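> Can you read through this structure? Questions will come right after.
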Amino acid sequence: MGLLDGKRILVTGVLTDASLAFAVARNAQNEGAEVILSGAGRGLSLTRRTARKLAVEADVLEIDVTEPQQLAEAAAVLATKWDRLDGILHAIGYAPPECLGGDIFQAQWEQVQVALHVSTYSLKALAEAFRPLLIAAGEGDRPGASIVGLDFDATVAWPAYDWMGVSKAALESLSRYLARDLGPDKVRVNLVAAGPVKTLAAKSIPGFSTFEDTWAERAPLGWNVLDADVVARACVALLSDLFPMTTGEMVHVDGGVHAIGA
């Protein structure tokens with residue numbers, strides 16, 4: 001019996017099979033879940049191609065989180081397939097080049113608002129669009145739904161991360177407010193703060209290799225930047241019913257680096 005037997009999970013942010021989101025989708029299927037992916041824009045064809053690499057090819061919804069109409073249409077489509085939604089993985093983030101690189105003054109509001117909209121506000125937008133299906137997962141004796149977001153601990157300032165770090169800090173705060181407001185609907189909201197993993201998203205961040213090169217040395221448990229599975233397993237655990245009373249939490253899967261001062 002799998003941790004997610006009978007669960008219906010929406011996984012966002014899958015582009016390639018090297019992504020953390022793909023690792024979550026694969027693990028979720030292995031644990032018995034039905035999985036649907038989402039993609040957007042020019043990346044939609046990549047998402048569809050990658051969906052075929054899962055053990056069971058997943059359907060793909062088109063969701064641009066900055067387009068309310070597209071969110072509403074995706075929720076309507078999903079409602080024709082499923083009577084409830086047991087979980088969402090939020091793995092969406094983007095910042096224009098000006099927002100990254102080691103100079104916080106480089107970006108103007110025009111670029112910053114894009115980073116905040118895509119990387120932070122999208123968590124609320126997804127929760128709102130799919131809220132009726134999420135609520136349905138908690139009706140009667142059902143245990144309720146779980147929203148899990150991928151994070152990179154924003155309690156400190158990182159080299160080169162700049163406005164993406166600010167966006168992640170806002171995401172952490174937003175997740176707590178969503179946990180507060182969705183709790184009465186039996187919907188949990190938690191984040192997984194992962195260590196650096198070699199993904200397409202990581203490659204787009206100037207200087208990110210600095211983290212990759214030093215993380216394993218600083219981590220008490222060690223760290224493998226090629227192992228997305230350790231992060232995916234934590235996400236699957238939070239999507240399951242193993243943590244029925246945990247919400248508003250940030251779980252670190254980073255080898256322990258967050259706990260070490262130097």
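In the structure tokens, each chain is lettered A, B, ... as it comes, each chain's residues begin at 1, and ligands are numbered from 1 in order of appearance.
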Write out as a list in words the residues lying within 10 Å of Thr47 of chain A, counting only C-alpha atoms and excluding same-chain residues fewer than 2 positions away.
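The residues satisfying every condition are Thr12, Gly13, Val14, Leu15, Thr16, Asp17, Phe22, Leu37, Ser38, Gly39, Ala40, Arg42, Gly43, Leu44, Ser45, Arg49, Thr50, Ala51, Arg52, Ala58, Asp59, Val60, Leu61 and Glu62 of chain A.
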> Just write the chosen residues, C-alpha atoms, as a PDB file, in the first residue's frame.

ATOM      1  CA  THR A  12       3.026  22.254 -11.361  1.00  0.00           C
ATOM      2  CA  GLY A  13       6.397  23.364 -12.657  1.00  0.00           C
ATOM      3  CA  VAL A  14       7.485  20.260 -14.579  1.00  0.00           C
ATOM      4  CA  LEU A  15       9.699  21.137 -17.539  1.00  0.00           C
ATOM      5  CA  THR A  16      12.282  18.357 -17.770  1.00  0.00           C
ATOM      6  CA  ASP A  17      12.824  15.045 -16.038  1.00  0.00           C
ATOM      7  CA  PHE A  22       9.178  15.704 -11.993  1.00  0.00           C
ATOM      8  CA  LEU A  37       0.848  18.082 -14.522  1.00  0.00           C
ATOM      9  CA  SER A  38       0.605  21.715 -15.554  1.00  0.00           C
ATOM     10  CA  GLY A  39       2.705  23.779 -17.935  1.00  0.00           C
ATOM     11  CA  ALA A  40       2.561  27.182 -19.566  1.00  0.00           C
ATOM     12  CA  ARG A  42       6.593  28.039 -24.568  1.00  0.00           C
ATOM     13  CA  GLY A  43       7.347  25.417 -21.945  1.00  0.00           C
ATOM     14  CA  LEU A  44       4.029  23.616 -22.430  1.00  0.00           C
ATOM     15  CA  SER A  45       5.365  21.356 -25.169  1.00  0.00           C
ATOM     16  CA  ARG A  49       6.988  15.591 -23.659  1.00  0.00           C
ATOM     17  CA  THR A  50       8.233  15.031 -20.118  1.00  0.00           C
ATOM     18  CA  ALA A  51       4.819  13.710 -19.011  1.00  0.00           C
ATOM     19  CA  ARG A  52       5.424  10.715 -21.273  1.00  0.00           C
ATOM     20  CA  ALA A  58       0.079  12.181 -17.058  1.00  0.00           C
ATOM     21  CA  ASP A  59      -2.442  14.573 -18.539  1.00  0.00           C
ATOM     22  CA  VAL A  60      -1.207  18.157 -18.788  1.00  0.00           C
ATOM     23  CA  LEU A  61      -3.219  21.294 -18.012  1.00  0.00           C
ATOM     24  CA  GLU A  62      -2.189  24.646 -19.436  1.00  0.00           C
TER      25      GLU A  62
END
> So how many Å separate atom CA of Ala18 of chain A and atom CA of Val112 of chain A, to one decimal?
27.1 Å
> Quick one: residues within 10 Å of Ala169 of chain A, only C-alpha atoms, excluding same-chain residues fewer than 3 positions away - as a short mmCIF file (atom, residue, chain, number, x, y, z; two decimals) with C-alpha atoms, in the first residue's frame?

data_model
loop_
_atom_site.label_atom_id
_atom_site.label_comp_id
_atom_site.auth_asym_id
_atom_site.auth_seq_id
_atom_site.Cartn_x
_atom_site.Cartn_y
_atom_site.Cartn_z
CA THR A 120 4.93 34.24 -4.76
CA ASP A 151 11.35 26.82 -1.29
CA PHE A 152 14.96 27.89 -0.87
CA ASP A 153 15.30 29.09 2.71
CA ALA A 154 15.03 32.88 2.64
CA THR A 155 15.81 33.60 6.27
CA VAL A 156 19.29 34.75 5.18
CA TRP A 163 14.99 39.42 -5.65
CA MET A 164 14.29 35.72 -5.93
CA GLY A 165 15.33 35.50 -2.30
CA VAL A 166 12.90 38.31 -1.49
CA GLU A 172 7.22 31.73 3.25
CA SER A 173 5.06 34.42 4.83
CA LEU A 174 2.22 33.84 2.37
#
> Which residue gives the smallest distance to Leu242 of chain A among A:Pro143, A:Gly32, A:Gly183, A:Gly222, with only C-alpha atoms counted?
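Of A:Pro143, A:Gly32, A:Gly183, A:Gly222, the one nearest Leu242 of chain A is A:Pro143, counting only C-alpha atoms.
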> Counting only C-alpha atoms, which residue out of A:Asp86, A:Asp254, A:Asp103, A:Asp64 sits closest to Pro159 of chain A?
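For Pro159 of chain A, the nearest of the candidates is A:Asp103.
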> DSSP on the backbone, strand (DSSP E or B) only: what residues of segment 101-202 of chain A does that give? Format it as a list in words.
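Filtering segment 101-202 of chain A down to strand (DSSP E or B) leaves Ala145, Ser146, Ile147, Val148, Gly149, Leu150, Asp151, Val187, Arg188, Val189, Asn190, Leu191, Val192, Ala193 and Ala194 of chain A.
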> Just C-alpha atoms for this one: save the residues we selected as a PDB file, in the first residue's frame.

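Output saved as out-v6.pdb:
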ATOM      1  CA  ALA A 145      -6.031  18.315   1.165  1.00  0.00           C
ATOM      2  CA  SER A 146      -2.395  19.371   1.205  1.00  0.00           C
ATOM      3  CA  ILE A 147      -0.601  22.144  -0.648  1.00  0.00           C
ATOM      4  CA  VAL A 148       3.187  21.841  -0.719  1.00  0.00           C
ATOM      5  CA  GLY A 149       5.494  24.522  -2.122  1.00  0.00           C
ATOM      6  CA  LEU A 150       9.168  24.259  -3.029  1.00  0.00           C
ATOM      7  CA  ASP A 151      11.348  26.821  -1.292  1.00  0.00           C
ATOM      8  CA  VAL A 187      -6.439  22.236   3.708  1.00  0.00           C
ATOM      9  CA  ARG A 188      -2.826  22.183   4.929  1.00  0.00           C
ATOM     10  CA  VAL A 189      -0.140  24.463   3.466  1.00  0.00           C
ATOM     11  CA  ASN A 190       3.555  23.703   3.956  1.00  0.00           C
ATOM     12  CA  LEU A 191       6.880  24.384   2.256  1.00  0.00           C
ATOM     13  CA  VAL A 192       9.930  22.212   1.648  1.00  0.00           C
ATOM     14  CA  ALA A 193      13.166  24.231   1.747  1.00  0.00           C
ATOM     15  CA  ALA A 194      15.513  22.209  -0.420  1.00  0.00           C
TER      16      ALA A 194
END
> Name the closest residue to Leu85 of chain A among the candidates A:Ala157, A:Leu134, A:Ala216, A:Ala259; distances are taken between atoms, counting only C-alpha atoms.
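With only C-alpha atoms as the atom set, the closest residue is A:Leu134.
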> Just how far from atom CA of Val230 of chain A is atom CA of Leu133 of chain A, in Å to one decimal?
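Going from atom CA of Leu133 of chain A over to atom CA of Val230 of chain A, I get 28.6 Å.
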> Can you list, as number ranges by chain, every residue of segment 43-151 of chain A that DSSP puts in helix (DSSP H, G or I)?
A: 43-51, 68-81, 97-99, 109-129, 131-136
> Find, counting only C-alpha atoms, the residue in A:Glu73, A:Arg176, A:Lys198, A:Glu34 that gets nearest to Asp227 of chain A.
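Ranking A:Glu73, A:Arg176, A:Lys198, A:Glu34 by distance to Asp227 of chain A, first place goes to A:Lys198.
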> What is the distance, in Å and to one decimal place, between atom CA of Asn224 of chain A and atom CA of Ile260 of chain A?
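Going from atom CA of Asn224 of chain A over to atom CA of Ile260 of chain A covers 17.6 Å.
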> Which of these, A:Val251, A:Val114, A:Ala76, A:Leu239, has the shortest distance to Glu98 of chain A once you count only C-alpha atoms?
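For Glu98 of chain A, the nearest of the given residues is A:Val114.
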> As a compact mmCIF listing (two decimals) with C-alpha atoms, in the first residue's frame, please: the residues near Gly255 of chain A (cut-off 6 Å, only C-alpha atoms, same-chain neighbours under 6 positions excluded).

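Now in result-v4.txt:
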# COMPACT_ATOMS: atom_id res chain seq x y z
CA ALA A 219 26.06 19.88 5.40
CA LEU A 221 24.62 14.82 6.47
CA GLY A 222 26.40 15.61 3.22
CA TRP A 223 24.62 16.62 0.03
> Considering only C-alpha atoms, return as a ChimeraX atom specification whatever protein or nucleic-acid residues lie within 10 Å of Glu139 of chain A, sequence-local ones (same chain, fewer than 6 positions apart) excluded.
/A:84,185-186
> Those residues you just picked out, can you put them in a file as a PDB file, in the first residue's frame with C-alpha atoms?

ATOM      1  CA  ARG A  84     -11.791  16.484  -5.567  1.00  0.00           C
ATOM      2  CA  ASP A 185     -11.438  23.883   5.142  1.00  0.00           C
ATOM      3  CA  LYS A 186      -9.067  21.055   6.203  1.00  0.00           C
TER       4      LYS A 186
END
